[in-house]
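Trainee: Below you will find the structure I want to go over with you.
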Amino acid sequence: MTDNRASKRPLSRRSFVIKTAATGLAVAAGADFIRSSSTAHATSNVADPAVSFTLNDMPAPSDKVNLTSFKDTVSRFQKVNPAIKVVGKTDSFDPTTFYAHYAVGNVEDTYKVYFTDVQHLIQIGYAKDITSQIKDWQWYSSIAPGVKQIITDAKGKIYGLPVDAYALGMCYSVPLFKAAGLDPNKPPVTWDQFRLYAKKLTDASKGRHGFAPLSLSNTGGWHLTAMIYSFGGQLQVVKNGRTMANFNDAHGVKALQLLHDMRWVDQSIGPKGMGYNDNTAALASKSIGMGVLAGDQPRFIKTQYGANLNDFILAGMPQAGGNATLMGGDVQLIKPKASDAATKAALEFTQFRYFDLASRDAYDKGQAAGGGAVGIPANVAYVGGLKSALDALDARYANVPVQNYKFFVQANSTLKLLPEPRLQTQKMYALLDVCVQSVLSSKSADPKALLDTAAKQFQTILDSAK
């Protein structure tokens, strides 16, 4: 759960989030924190005098449903923590500006950042060691192994608390499947099948294409990474202690060649470049039949574009030998200069906000009442008892066609959910964007040559970052 999920992608999210000037909301909240989950209770050690902390991801005023949920969460927190003051800022993480803000001290005590940036922030000293606090947390053992490695350095120290995660899958239009003679209950499970489906879904007379890959603002690299995983590739490998660019091997070439051939041989991909959520809008308007989406993304079909969610099915990422898909998400970090009291208060609130089961129950109820979408299977950051409890709460207030996501759930129960590459990920995505854009804009583009050039450029970035 998160109160501002539209801000949770890599740089790709930035094209969707409505940016506003950073403003503050100060709300009294407090000490003697009682973690009111159904399984455990604990009392905060945060003592008087009152302590305050700032956080970066309060929803903007334009995001009324999520802002209301955020305020309600703070209100619930303050009832058991009257000595803690939560100061929210509408300054969601943007990797293109964050580092400059940090350099001049213009960052909050706790900030939610993408998986892609966590390791880099740890390495450059922008995240506080919170090992003792997190290892003592009741749900530490429930953090998914792939997510745990994102928040941990080479010495085993922990620097962040994962708050949500998603897996990439494939969403498609039921009416368009039926119109093309395809069975909506038989989604493509291989890329070969996917390519055939895309050709059948394409209708030039209506300006409709079977598929639209993302290619702008680092989204092309983000989705190409997931495709390479599904082909069996790894984009970064370590050899003799040196991290090497590896996305130009046979797996990467096959993935990029597929996009080239769908664009120029099949003509099932159109010429228009797309950024984050553009393909969601295209699905809603029936200008494409299929799109790669994150598990939480179909909700925008309803909340942003007013389409009927019953008309869309979410399935697993098509495969070509890798049996894997990409997993991304958000981690809550603490500024190293934050006081011990502010650190403790920030962690108490983060744990309450995302994982207190009574508060989560109220959150889901409020989201459903306010017109949000509840019940889409999104969070893969946690496993075991915590995940089961959160899933049960989502199911209680589900207002989406849960049966339309069974293929996605089934696929991800067997696929490997691989985290995004650990080092300089956004810069890697930017270079891969160019590769995707090139094969979509030029019939003569050479996927192997493009990836070789990008790998050479990225290796320079990796080596210079040490």
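In the structure tokens, each chain is lettered A, B, ... as it comes, each chain's residues begin at 1, and ligands are numbered from 1 in order of appearance.
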Neighbours of range 204-209 of chain A within 10 Å (only C-alpha atoms; same-chain residues fewer than 5 positions away dropped), as a JSON list (two decimals) with C-alpha atoms, in the first residue's frame?
Mentor:
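Result file selection_0.json:
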```
[["chain", "number", "residue", "atom", "x", "y", "z"],
["A", 198, "ALA", "CA", -0.29, -8.38, -32.03],
["A", 199, "LYS", "CA", -0.63, -8.87, -35.78],
["A", 263, "ARG", "CA", 7.45, -2.42, -36.05],
["A", 267, "GLN", "CA", 3.62, -3.28, -38.60],
["A", 268, "SER", "CA", 1.88, -4.20, -35.36],
["A", 269, "ILE", "CA", 3.69, -1.37, -33.54],
["A", 270, "GLY", "CA", 3.07, 2.24, -34.49],
["A", 282, "ALA", "CA", -3.94, 3.89, -25.39],
["A", 285, "SER", "CA", -9.05, 4.34, -25.81],
["A", 286, "LYS", "CA", -8.71, 1.04, -27.75],
["A", 287, "SER", "CA", -5.90, 2.37, -29.93],
["A", 288, "ILE", "CA", -3.76, -0.63, -28.93],
["A", 289, "GLY", "CA", -4.72, -4.15, -27.97],
["A", 290, "MET", "CA", -1.91, -5.05, -25.58]]
```
Trainee: Give me, as an mmCIF file with N, CA, C and O atoms, in the first residue's frame, all polymer residues having an atom no more than 9 Å from Tyr126 in chain A, counting only C-alpha atoms and skipping those fewer than 5 positions away in the same chain.
Mentor:
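Contents of selection-v4.cif, freshly written:
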```cif
data_model
loop_
_atom_site.group_PDB
_atom_site.id
_atom_site.type_symbol
_atom_site.label_atom_id
_atom_site.label_comp_id
_atom_site.auth_asym_id
_atom_site.auth_seq_id
_atom_site.Cartn_x
_atom_site.Cartn_y
_atom_site.Cartn_z
ATOM 1 N N TYR A 102 19.827 17.465 -2.773
ATOM 2 C CA TYR A 102 20.547 16.915 -1.629
ATOM 3 C C TYR A 102 21.843 17.683 -1.392
ATOM 4 O O TYR A 102 22.211 17.973 -0.248
ATOM 5 N N HIS A 120 22.968 3.155 -5.217
ATOM 6 C CA HIS A 120 23.811 4.329 -5.476
ATOM 7 C C HIS A 120 23.769 5.299 -4.306
ATOM 8 O O HIS A 120 24.814 5.826 -3.893
ATOM 9 N N LEU A 121 22.594 5.510 -3.742
ATOM 10 C CA LEU A 121 22.463 6.413 -2.602
ATOM 11 C C LEU A 121 23.226 5.880 -1.390
ATOM 12 O O LEU A 121 23.825 6.647 -0.635
ATOM 13 N N LEU A 333 14.068 5.748 2.788
ATOM 14 C CA LEU A 333 15.404 5.977 3.328
ATOM 15 C C LEU A 333 15.357 7.107 4.349
ATOM 16 O O LEU A 333 14.426 7.915 4.364
ATOM 17 N N ILE A 334 16.401 7.178 5.171
ATOM 18 C CA ILE A 334 16.528 8.234 6.175
ATOM 19 C C ILE A 334 17.778 9.050 5.859
ATOM 20 O O ILE A 334 18.833 8.493 5.553
ATOM 21 N N LYS A 335 17.667 10.356 5.942
ATOM 22 C CA LYS A 335 18.815 11.237 5.734
ATOM 23 C C LYS A 335 19.846 10.996 6.841
ATOM 24 O O LYS A 335 19.496 10.972 8.031
ATOM 25 N N PRO A 336 21.118 10.814 6.505
ATOM 26 C CA PRO A 336 22.127 10.517 7.530
ATOM 27 C C PRO A 336 22.191 11.547 8.655
ATOM 28 O O PRO A 336 22.491 11.200 9.799
#
```
Trainee: Env of Arg299 in chain A: 12 Å cut, atoms = only C-alpha atoms, seq-sep filter 5 positions within chain, self excluded. Answer as a count of residues only.
Mentor: 34
Trainee: State, in Å with one decimal place, the distance from CA of Asp91 in chain A to CA of Asp57 in chain A.
Mentor: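 Between these atoms lies a distance of 5.8 Å.
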Trainee: Taking only C-alpha atoms into account, which of A:Ala324, A:Ala358, A:Cys435, A:Val87 comes nearest Met58 in chain A?
Mentor: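 So, comparing all the options, the nearest one is A:Val87.
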Trainee: Would you list, as an MDAnalysis selection string, the residues of range 229-465 of chain A that end up in helix (DSSP H, G or I) under DSSP run on this structure's backbone?
Mentor: chainID A and resid 229:231 250:264 278:284 299:303 309:311 340:355 357:370 384:396 402:412 425:441 447:464
Trainee: Determine, counting only C-alpha atoms, which protein, DNA and RNA residues have an atom within 8 Å of an atom of Asn412 in chain A; residues of the same chain fewer than 4 positions away are not included. Present the result as a list in words.
Mentor: Ala167, Gly316, Phe408, Lys416 and Leu417 of chain A
Trainee: Name all residues at most 8 Å from Pro447 in chain A (count only C-alpha atoms; drop same-chain ones fewer than 6 positions away) and give them as a PyMOL selection string.
Mentor: chain A and resi 253+256-257+260+435+439
Trainee: Let's have the selection written as a short mmCIF file (atom, residue, chain, number, x, y, z; two decimals), in the first residue's frame, with N, CA and C atoms.
Mentor:
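Full text of selection.cif as output:
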```
data_model
loop_
_atom_site.label_atom_id
_atom_site.label_comp_id
_atom_site.auth_asym_id
_atom_site.auth_seq_id
_atom_site.Cartn_x
_atom_site.Cartn_y
_atom_site.Cartn_z
N VAL A 253 19.88 -8.80 -27.72
CA VAL A 253 19.70 -8.58 -29.16
C VAL A 253 18.36 -9.17 -29.62
N LEU A 256 15.46 -6.81 -28.52
CA LEU A 256 15.37 -5.59 -29.31
C LEU A 256 14.99 -5.90 -30.76
N GLN A 257 15.47 -7.03 -31.28
CA GLN A 257 15.13 -7.43 -32.65
C GLN A 257 13.63 -7.69 -32.76
N HIS A 260 11.95 -4.43 -33.27
CA HIS A 260 12.21 -3.98 -34.65
C HIS A 260 11.30 -4.69 -35.64
N CYS A 435 18.20 3.00 -27.87
CA CYS A 435 18.15 1.77 -28.67
C CYS A 435 16.72 1.47 -29.11
N VAL A 439 15.14 1.55 -33.14
CA VAL A 439 14.53 0.46 -33.90
C VAL A 439 13.09 0.79 -34.26
#
```
Trainee: Residues within 10 Å of Gly156 in chain A, please, as a VMD selection string. Count only C-alpha atoms; anything in the same chain fewer than 5 positions from it doesn't count.
Mentor: chain A and resid 131 149 151
Trainee: How would you write, as a list in words, the set of residues in range 217-286 of chain A that DSSP gives as strand (DSSP E)?
Mentor: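 In range 217-286 of chain A, DSSP puts these residues in strand (DSSP E): Gln236, Val237, Val238, Lys239, Arg242, Thr243, Met244 and Ala245 of chain A.
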Trainee: Could you work out how far CA of Ala411 in chain A lies from CA of Met274 in chain A, giving the answer in Å with one decimal?
Mentor: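 Result for CA of Met274 in chain A versus CA of Ala411 in chain A: 26.1 Å, one decimal.
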Trainee: Mind giving me the straight-line distance from CA of Asp311 in chain A to CA of Gln403 in chain A in Å, one decimal?
Mentor: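 Pair CA of Asp311 in chain A / CA of Gln403 in chain A returns 11.7 Å.
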Trainee: May I ask which of the residues A:Pro95, A:Lys148, A:Thr243, A:Met170 is the closest one to Trp191 in chain A, counting only C-alpha atoms?
Mentor: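 Smallest distance to Trp191 in chain A is found for A:Met170.
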Trainee: Pick out the residues sitting within 10 Å of Pro213 in chain A, and hand them over as a compact mmCIF listing (two decimals) with C-alpha atoms, in the first residue's frame; count only C-alpha atoms, and ignore anything fewer than 5 positions along from it in its own chain.
Mentor:
```txt
# COMPACT_ATOMS: atom_id res chain seq x y z
CA THR A 219 10.68 3.92 -19.83
CA GLY A 220 12.07 2.23 -22.93
CA HIS A 223 10.56 -2.24 -20.21
CA LEU A 224 13.40 -3.53 -22.39
CA LEU A 259 10.56 -4.85 -31.33
CA ILE A 269 3.69 -1.37 -33.54
CA GLY A 270 3.07 2.24 -34.49
CA LYS A 272 4.46 7.13 -31.82
CA GLY A 273 6.87 7.28 -28.88
CA MET A 274 5.35 6.64 -25.46
CA GLY A 275 6.25 7.46 -21.89
CA ASP A 278 0.78 6.54 -22.34
CA ASN A 279 0.15 2.89 -23.16
CA MET A 290 -1.91 -5.05 -25.58
CA GLY A 291 0.56 -3.24 -23.35
CA VAL A 292 3.19 -4.08 -20.76
CA VAL A 436 14.38 1.32 -28.50
CA GLN A 437 13.70 4.65 -30.17
CA LEU A 440 11.09 2.08 -33.84
```
Trainee: Looking at A:Gln119, A:Asn246, A:Gln78, A:Thr96, which one is nearest to Asp153 in chain A, with distances taken over only C-alpha atoms?
Mentor: A:Gln119
Trainee: A:Gly125, A:Pro145, A:Gly321, A:Pro187: which is nearest His251 in chain A, counting only C-alpha atoms?
Mentor: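 Of all the options, A:Gly321 lies closest to His251 in chain A.
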